[in-house]
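The next block is input_7.cif, given as mmCIF, C-alpha atoms.
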data_my_file
#
loop_
_atom_site.group_PDB
_atom_site.id
_atom_site.type_symbol
_atom_site.label_atom_id
_atom_site.label_comp_id
_atom_site.auth_asym_id
_atom_site.auth_seq_id
_atom_site.Cartn_x
_atom_site.Cartn_y
_atom_site.Cartn_z
ATOM 1 C CA MET H 1 188.807 190.856 150.384
ATOM 2 C CA GLY H 2 190.464 187.461 150.111
ATOM 3 C CA GLU H 3 188.185 184.413 149.992
ATOM 4 C CA ALA H 4 189.283 183.329 153.481
ATOM 5 C CA ALA H 5 188.071 186.591 154.992
ATOM 6 C CA ARG H 6 184.560 186.421 153.489
ATOM 7 C CA GLY H 7 181.580 185.807 155.751
ATOM 8 C CA LYS H 8 183.550 186.779 158.843
ATOM 9 C CA ASP H 9 182.232 190.291 159.144
ATOM 10 C CA VAL H 10 185.508 191.790 157.873
ATOM 11 C CA GLY H 11 183.549 193.747 155.254
ATOM 12 C CA SER H 12 181.267 195.326 157.862
ATOM 13 C CA ARG H 13 184.223 196.180 160.056
ATOM 14 C CA LEU H 14 186.067 197.837 157.158
ATOM 15 C CA MET H 15 182.958 199.823 156.220
ATOM 16 C CA SER H 16 182.482 200.928 159.793
ATOM 17 C CA VAL H 17 186.104 202.147 159.984
ATOM 18 C CA ALA H 18 185.573 204.049 156.705
ATOM 19 C CA GLU H 19 182.298 205.602 157.920
ATOM 20 C CA ASP H 20 183.769 206.745 161.232
ATOM 21 C CA GLU H 21 186.687 208.340 159.436
ATOM 22 C CA ALA H 22 184.355 210.065 156.946
ATOM 23 C CA ARG H 23 182.247 211.503 159.795
ATOM 24 C CA LYS H 24 185.393 212.695 161.537
ATOM 25 C CA ARG H 25 186.398 214.513 158.344
ATOM 26 C CA GLY H 26 183.023 216.217 158.048
ATOM 27 C CA ALA H 27 181.388 214.144 155.293
ATOM 28 C CA THR H 28 177.586 214.049 155.425
ATOM 29 C CA ILE H 29 176.875 211.530 152.674
ATOM 30 C CA MET H 30 178.613 208.327 151.683
ATOM 31 C CA PHE H 31 178.054 206.936 148.212
ATOM 32 C CA LEU H 32 179.306 204.104 146.065
ATOM 33 C CA ASP H 33 178.500 202.066 143.007
ATOM 34 C CA THR H 34 178.263 198.318 142.758
ATOM 35 C CA PHE H 35 177.334 195.805 140.070
ATOM 36 C CA SER H 36 174.427 193.362 140.232
ATOM 37 C CA PHE H 37 176.860 190.462 140.673
ATOM 38 C CA GLN H 38 178.542 192.170 143.606
ATOM 39 C CA ALA H 39 177.379 193.282 147.059
ATOM 40 C CA ARG H 40 174.112 195.271 146.873
ATOM 41 C CA PRO H 41 172.384 193.281 149.697
ATOM 42 C CA PHE H 42 175.418 193.769 151.929
ATOM 43 C CA TYR H 43 175.315 197.555 151.439
ATOM 44 C CA GLU H 44 171.536 197.610 151.981
ATOM 45 C CA LYS H 45 172.051 195.935 155.355
ATOM 46 C CA LEU H 46 174.454 198.758 156.193
ATOM 47 C CA GLY H 47 171.777 201.352 155.385
ATOM 48 C CA PHE H 48 172.655 202.300 151.795
ATOM 49 C CA LYS H 49 169.790 202.936 149.379
ATOM 50 C CA VAL H 50 169.903 202.652 145.589
ATOM 51 C CA PHE H 51 169.496 206.041 143.902
ATOM 52 C CA GLY H 52 170.435 205.085 140.379
ATOM 53 C CA THR H 53 170.456 202.031 138.114
ATOM 54 C CA LEU H 54 172.133 201.498 134.764
ATOM 55 C CA LYS H 55 171.410 198.345 132.775
ATOM 56 C CA HIS H 56 174.191 197.181 130.485
ATOM 57 C CA GLY H 57 173.307 196.305 126.907
ATOM 58 C CA ALA H 58 174.256 192.649 127.301
ATOM 59 C CA GLY H 59 174.752 189.985 129.932
ATOM 60 C CA GLY H 60 171.991 191.169 132.280
ATOM 61 C CA ILE H 61 174.506 193.256 134.210
ATOM 62 C CA LYS H 62 173.281 196.291 136.134
ATOM 63 C CA ARG H 63 175.213 198.993 137.884
ATOM 64 C CA PHE H 64 173.703 200.448 141.041
ATOM 65 C CA TRP H 65 174.587 203.727 142.710
ATOM 66 C CA MET H 66 173.893 203.714 146.427
ATOM 67 C CA ALA H 67 174.034 206.376 149.112
ATOM 68 C CA LYS H 68 173.742 206.683 152.870
ATOM 69 C CA THR H 69 173.409 209.780 155.026
ATOM 70 C CA LEU H 70 176.028 209.861 157.771
ATOM 71 C CA MET B 1 189.480 191.352 167.646
ATOM 72 C CA SER B 2 190.029 187.701 168.358
ATOM 73 C CA ASP B 3 190.930 186.906 164.724
ATOM 74 C CA GLY B 4 194.010 189.113 165.036
ATOM 75 C CA LEU B 5 193.194 191.337 162.058
ATOM 76 C CA ILE B 6 194.799 194.755 162.067
ATOM 77 C CA PHE B 7 193.088 197.642 160.254
ATOM 78 C CA GLU B 8 195.469 200.210 158.856
ATOM 79 C CA ALA B 9 194.830 203.503 157.079
ATOM 80 C CA GLU B 10 196.374 204.767 153.832
ATOM 81 C CA GLU B 11 196.108 208.363 152.598
ATOM 82 C CA GLY B 12 195.658 209.070 148.897
ATOM 83 C CA GLN B 13 195.242 206.525 146.122
ATOM 84 C CA GLY B 14 198.304 204.459 146.855
ATOM 85 C CA ALA B 15 199.384 200.833 146.919
ATOM 86 C CA VAL B 16 196.404 199.688 148.989
ATOM 87 C CA ALA B 17 193.803 201.327 146.730
ATOM 88 C CA LYS B 18 195.531 199.888 143.635
ATOM 89 C CA PHE B 19 195.706 196.427 145.153
ATOM 90 C CA LEU B 20 191.983 196.540 146.001
ATOM 91 C CA ASP B 21 191.071 197.746 142.515
ATOM 92 C CA ALA B 22 193.009 194.925 140.850
ATOM 93 C CA SER B 23 191.562 192.384 143.271
ATOM 94 C CA ILE B 24 187.902 193.342 142.749
ATOM 95 C CA LYS B 25 188.411 193.226 138.960
ATOM 96 C CA ALA B 26 189.937 189.753 139.179
ATOM 97 C CA TRP B 27 187.114 188.615 141.468
ATOM 98 C CA SER B 28 184.433 190.046 139.159
ATOM 99 C CA ASP B 29 185.944 188.342 136.118
ATOM 100 C CA ARG B 30 185.906 185.028 137.959
ATOM 101 C CA VAL B 31 182.214 185.488 138.817
ATOM 102 C CA VAL B 32 180.781 186.798 135.525
ATOM 103 C CA GLY B 33 183.507 185.958 133.023
ATOM 104 C CA PRO B 34 186.424 187.958 131.658
ATOM 105 C CA ALA B 35 185.572 191.539 130.758
ATOM 106 C CA ARG B 36 187.254 194.038 128.507
ATOM 107 C CA ARG B 37 188.301 197.171 130.311
ATOM 108 C CA HIS B 38 190.436 199.823 128.759
ATOM 109 C CA TRP B 39 191.080 203.518 128.776
ATOM 110 C CA TYR B 40 191.634 205.790 125.809
ATOM 111 C CA SER B 41 191.753 209.523 125.414
ATOM 112 C CA TYR B 42 192.018 212.237 122.783
ATOM 113 C CA ALA B 43 193.947 215.430 123.400
ATOM 114 C CA ALA B 44 193.924 218.681 121.440
ATOM 115 C CA ARG B 45 197.316 220.394 121.370
ATOM 116 C CA THR B 46 198.281 223.922 120.463
ATOM 117 C CA PRO B 47 201.035 224.413 117.859
ATOM 118 C CA ASP B 48 203.361 224.807 120.869
ATOM 119 C CA GLY B 49 202.470 221.320 122.019
ATOM 120 C CA ASP B 50 200.390 222.284 125.044
ATOM 121 C CA ILE B 51 197.214 220.369 125.713
ATOM 122 C CA CYS B 52 194.288 222.789 125.548
ATOM 123 C CA GLY B 53 191.533 220.211 125.817
ATOM 124 C CA GLY B 54 190.845 216.527 125.929
ATOM 125 C CA VAL B 55 188.537 213.677 126.723
ATOM 126 C CA ALA B 56 189.356 210.544 128.719
ATOM 127 C CA CYS B 57 187.191 207.455 128.218
ATOM 128 C CA TYR B 58 186.849 204.023 129.742
ATOM 129 C CA ILE B 59 185.206 200.993 128.160
ATOM 130 C CA TYR B 60 183.883 198.294 130.490
ATOM 131 C CA ARG B 61 182.165 195.379 128.768
ATOM 132 C CA ASP B 62 179.639 197.024 126.390
ATOM 133 C CA VAL B 63 179.502 200.395 128.106
ATOM 134 C CA LEU B 64 181.443 203.561 127.359
ATOM 135 C CA LEU B 65 182.157 205.884 130.269
ATOM 136 C CA ILE B 66 183.080 209.459 129.404
ATOM 137 C CA ASP B 67 185.268 209.963 132.442
ATOM 138 C CA THR B 68 186.664 213.460 131.906
ATOM 139 C CA LEU B 69 186.125 216.214 129.351
ATOM 140 C CA TRP B 70 188.157 219.342 129.919
ATOM 141 C CA LEU B 71 188.913 222.470 127.879
ATOM 142 C CA ASP B 72 191.211 225.346 128.685
ATOM 143 C CA ASP B 73 189.127 228.485 129.328
ATOM 144 C CA SER B 74 190.372 230.256 126.189
ATOM 145 C CA TYR B 75 189.324 227.295 123.998
ATOM 146 C CA ARG B 76 185.725 227.110 125.192
ATOM 147 C CA GLY B 77 182.828 228.026 122.915
ATOM 148 C CA ARG B 78 184.593 227.077 119.671
ATOM 149 C CA GLY B 79 183.191 223.630 119.081
ATOM 150 C CA LEU B 80 186.292 221.889 120.388
ATOM 151 C CA GLY B 81 184.296 220.043 123.044
ATOM 152 C CA SER B 82 181.959 218.659 120.364
ATOM 153 C CA GLN B 83 184.878 217.576 118.205
ATOM 154 C CA LEU B 84 186.443 215.712 121.109
ATOM 155 C CA MET B 85 183.126 214.093 122.061
ATOM 156 C CA ASP B 86 182.593 213.049 118.419
ATOM 157 C CA MET B 87 185.930 211.246 118.471
ATOM 158 C CA ALA B 88 185.255 209.632 121.840
ATOM 159 C CA GLU B 89 181.803 208.385 120.836
ATOM 160 C CA GLN B 90 182.853 207.218 117.389
ATOM 161 C CA ARG B 91 185.521 205.032 118.931
ATOM 162 C CA GLY B 92 182.986 203.680 121.464
ATOM 163 C CA ARG B 93 180.581 202.808 118.646
ATOM 164 C CA GLN B 94 183.337 201.147 116.636
ATOM 165 C CA GLU B 95 184.122 199.017 119.651
ATOM 166 C CA GLY B 96 180.510 197.888 119.897
ATOM 167 C CA CYS B 97 179.394 199.815 122.970
ATOM 168 C CA ALA B 98 175.614 199.899 123.507
ATOM 169 C CA PHE B 99 175.646 203.365 125.073
ATOM 170 C CA ALA B 100 177.775 206.039 126.687
ATOM 171 C CA PHE B 101 177.301 207.515 130.129
ATOM 172 C CA LEU B 102 178.871 210.203 132.262
ATOM 173 C CA ASP B 103 178.266 212.309 135.319
ATOM 174 C CA THR B 104 178.418 216.064 135.534
ATOM 175 C CA MET B 105 177.930 218.559 138.358
ATOM 176 C CA ASN B 106 175.241 221.240 138.204
ATOM 177 C CA TRP B 107 177.814 223.979 137.441
ATOM 178 C CA GLN B 108 179.315 222.020 134.558
ATOM 179 C CA ALA B 109 178.063 221.086 131.101
ATOM 180 C CA ARG B 110 174.625 219.477 131.342
ATOM 181 C CA PRO B 111 173.098 221.584 128.491
ATOM 182 C CA PHE B 112 176.071 220.765 126.273
ATOM 183 C CA TYR B 113 175.546 217.031 126.782
ATOM 184 C CA GLU B 114 171.783 217.369 126.261
ATOM 185 C CA LYS B 115 172.424 218.993 122.886
ATOM 186 C CA ARG B 116 174.515 215.939 122.040
ATOM 187 C CA GLY B 117 171.640 213.585 122.819
ATOM 188 C CA TYR B 118 172.419 212.659 126.408
ATOM 189 C CA HIS B 119 169.597 212.568 128.921
ATOM 190 C CA VAL B 120 169.643 212.569 132.702
ATOM 191 C CA PHE B 121 168.729 209.185 134.140
ATOM 192 C CA HIS B 122 169.431 210.018 137.782
ATOM 193 C CA GLU B 123 170.469 212.910 139.915
ATOM 194 C CA PHE B 124 172.152 212.973 143.266
ATOM 195 C CA GLN B 125 171.845 215.851 145.732
ATOM 196 C CA MET B 126 174.794 216.753 147.909
ATOM 197 C CA GLU B 127 175.132 219.039 150.907
ATOM 198 C CA GLY B 128 171.405 219.443 151.362
ATOM 199 C CA GLY B 129 170.775 220.191 147.695
ATOM 200 C CA THR B 130 173.535 222.797 147.292
ATOM 201 C CA TYR B 131 175.180 220.659 144.645
ATOM 202 C CA THR B 132 173.641 218.188 142.267
ATOM 203 C CA ARG B 133 175.401 215.493 140.320
ATOM 204 C CA PHE B 134 173.607 214.442 137.130
ATOM 205 C CA TYR B 135 174.069 211.006 135.609
ATOM 206 C CA MET B 136 173.505 211.118 131.861
ATOM 207 C CA ARG B 137 173.418 208.539 129.071
ATOM 208 C CA LYS B 138 173.200 208.351 125.317
ATOM 209 C CA ASP B 139 172.256 205.191 123.432
ATOM 210 C CA PHE B 140 174.188 204.339 120.292
#

For this file, produce the structure as structure tokens.
Amino acid sequence: MGEAARGKDVGSRLMSVAEDEARKRGATIMFLDTFSFQARPFYEKLGFKVFGTLKHGAGGIKRFWMAKTL
Amino acid sequence: MSDGLIFEAEEGQGAVAKFLDASIKAWSDRVVGPARRHWYSYAARTPDGDICGGVACYIYRDVLLIDTLWLDDSYRGRGLGSQLMDMAEQRGRQEGCAFAFLDTMNWQARPFYEKRGYHVFHEFQMEGGTYTRFYMRKDF
């Protein structure tokens, strides 16, 4: 999202729209991946749990896979 | 909502999805510094020019993702998959990648990748365990 929209709950609202639509279409699991410099705590607040981690060779970067049962 | 935002839907991977992809990459580069990201692939063609197999790869920073490996049914079991993977990995090594990773479903090619030195670092169960997605890596 644009900088101006951050911290105003727009992210949660978008995720909630996406989740409702996924449920409507019969999905039972939602999953995503995010990097350590991105939004892991945000997704955890929404109920996602990390099921996989991949550490890059350099730069201390990690990639997390997260999932949530719908 | 009082802020007047309108939420609209888009089907498929269209203009909205592309805009979001470009935007998150730009944001990430601002936060952790510019990253290299590029795709490459190798295709095997028949003398008639038809693609009968190929591998598509993506390098992000120091990591090689084997995105897609596909072979036409009649070209399986002849070592073509290994040849393609050799090319993909060699290029990744040349470009300084620390390791390669991929995901594969339980009905796909896990044993093939294991023979090549990949090991499962995570698995993900879908539909109550009916399907499993394996995440595999190989260090260079």

What's the 10 Å shell around segment 8-17 of chain B, counting only C-alpha atoms, without same-chain residues fewer than 2 positions away, as a PDB file with C-alpha atoms, in the coordinates of the input?
ATOM      1  CA  LEU H  14     186.067 197.837 157.158  1.00  0.00           C
ATOM      2  CA  VAL H  17     186.104 202.147 159.984  1.00  0.00           C
ATOM      3  CA  ALA H  18     185.573 204.049 156.705  1.00  0.00           C
ATOM      4  CA  GLU H  21     186.687 208.340 159.436  1.00  0.00           C
TER       5      GLU H  21
ATOM      6  CA  LEU B   5     193.194 191.337 162.058  1.00  0.00           C
ATOM      7  CA  ILE B   6     194.799 194.755 162.067  1.00  0.00           C
ATOM      8  CA  PHE B  19     195.706 196.427 145.153  1.00  0.00           C
ATOM      9  CA  LEU B  20     191.983 196.540 146.001  1.00  0.00           C
ATOM     10  CA  ASP B  21     191.071 197.746 142.515  1.00  0.00           C
ATOM     11  CA  ALA B  22     193.009 194.925 140.850  1.00  0.00           C
ATOM     12  CA  SER B  23     191.562 192.384 143.271  1.00  0.00           C
TER      13      SER B  23
END

Check what the PyMOL selection byres ((chain B) within 8 of (chain H)) selects in the file above and give those residues as an MDAnalysis selection string.
chainID B and resid 7 20 23 28 31:32 62:63 98:99 121:124 126:127

So, counting all atoms listed in the file, which residue among B:Leu102, B:Gln125, B:Tyr131, B:Gly53 is closest to Gln83 of chain B?
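Once distances to Gln83 of chain B are computed over all atoms listed in the file, the minimum belongs to B:Gly53.
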
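Taking atom CA of Ser82 of chain B as the reference point, atom CA of Ala109 of chain B is found at 11.7 Å.
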
Using all atoms listed in the file, find the one residue out of B:Val120, B:Cys97, B:Cys52, B:Met105 that sits nearest to Phe140 of chain B.
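Closest residue, counting all atoms listed in the file: B:Cys97.
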
Between atom CA of Arg36 of chain B and atom CA of Glu44 of chain H, what is the spacing in Å?
28.5 Å

What's the separation between atom CA of Arg116 of chain B and atom CA of Asp86 of chain B, in Å to one decimal place?
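Rounded to one decimal, the two atoms are 9.3 Å apart.
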
Would you mind listing what lies within 10 Å of Tyr43 of chain H as a list in words, with all atoms listed in the file counted and same-chain residues fewer than 5 positions away left out?
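My reading of the contact set: Gly11, Ser12, Met15, Leu32, Thr34, Phe48, Lys49, Val50, Met66, Ala67 and Lys68 of chain H.
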
Any chance you could work out the residue set of the PyMOL selection byres ((chain B and resi 54) around 9) here, as a ChimeraX atom specification?
/B:41-45,51-53,55-56,68-71,80-81,84-85

Between H:Arg6, H:Ser16, H:Lys24, H:Phe64, which residue has the minimum interatomic distance to Arg40 of chain H, considering all atoms listed in the file?
H:Phe64

Please list, as a short mmCIF file (atom, residue, chain, number, x, y, z; two decimals) with C-alpha atoms, keeping the file's coordinate frame, the residues that have an atom at most 8 Å away from (179.2, 205.3, 129.5) in the coordinates of this file, counting only C-alpha atoms.
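Produced file out.cif, reproduced below:
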data_model
loop_
_atom_site.label_atom_id
_atom_site.label_comp_id
_atom_site.auth_asym_id
_atom_site.auth_seq_id
_atom_site.Cartn_x
_atom_site.Cartn_y
_atom_site.Cartn_z
CA TYR B 58 186.85 204.02 129.74
CA ILE B 59 185.21 200.99 128.16
CA VAL B 63 179.50 200.40 128.11
CA LEU B 64 181.44 203.56 127.36
CA LEU B 65 182.16 205.88 130.27
CA ILE B 66 183.08 209.46 129.40
CA PHE B 99 175.65 203.36 125.07
CA ALA B 100 177.78 206.04 126.69
CA PHE B 101 177.30 207.52 130.13
CA LEU B 102 178.87 210.20 132.26
CA ARG B 137 173.42 208.54 129.07
CA LYS B 138 173.20 208.35 125.32
#
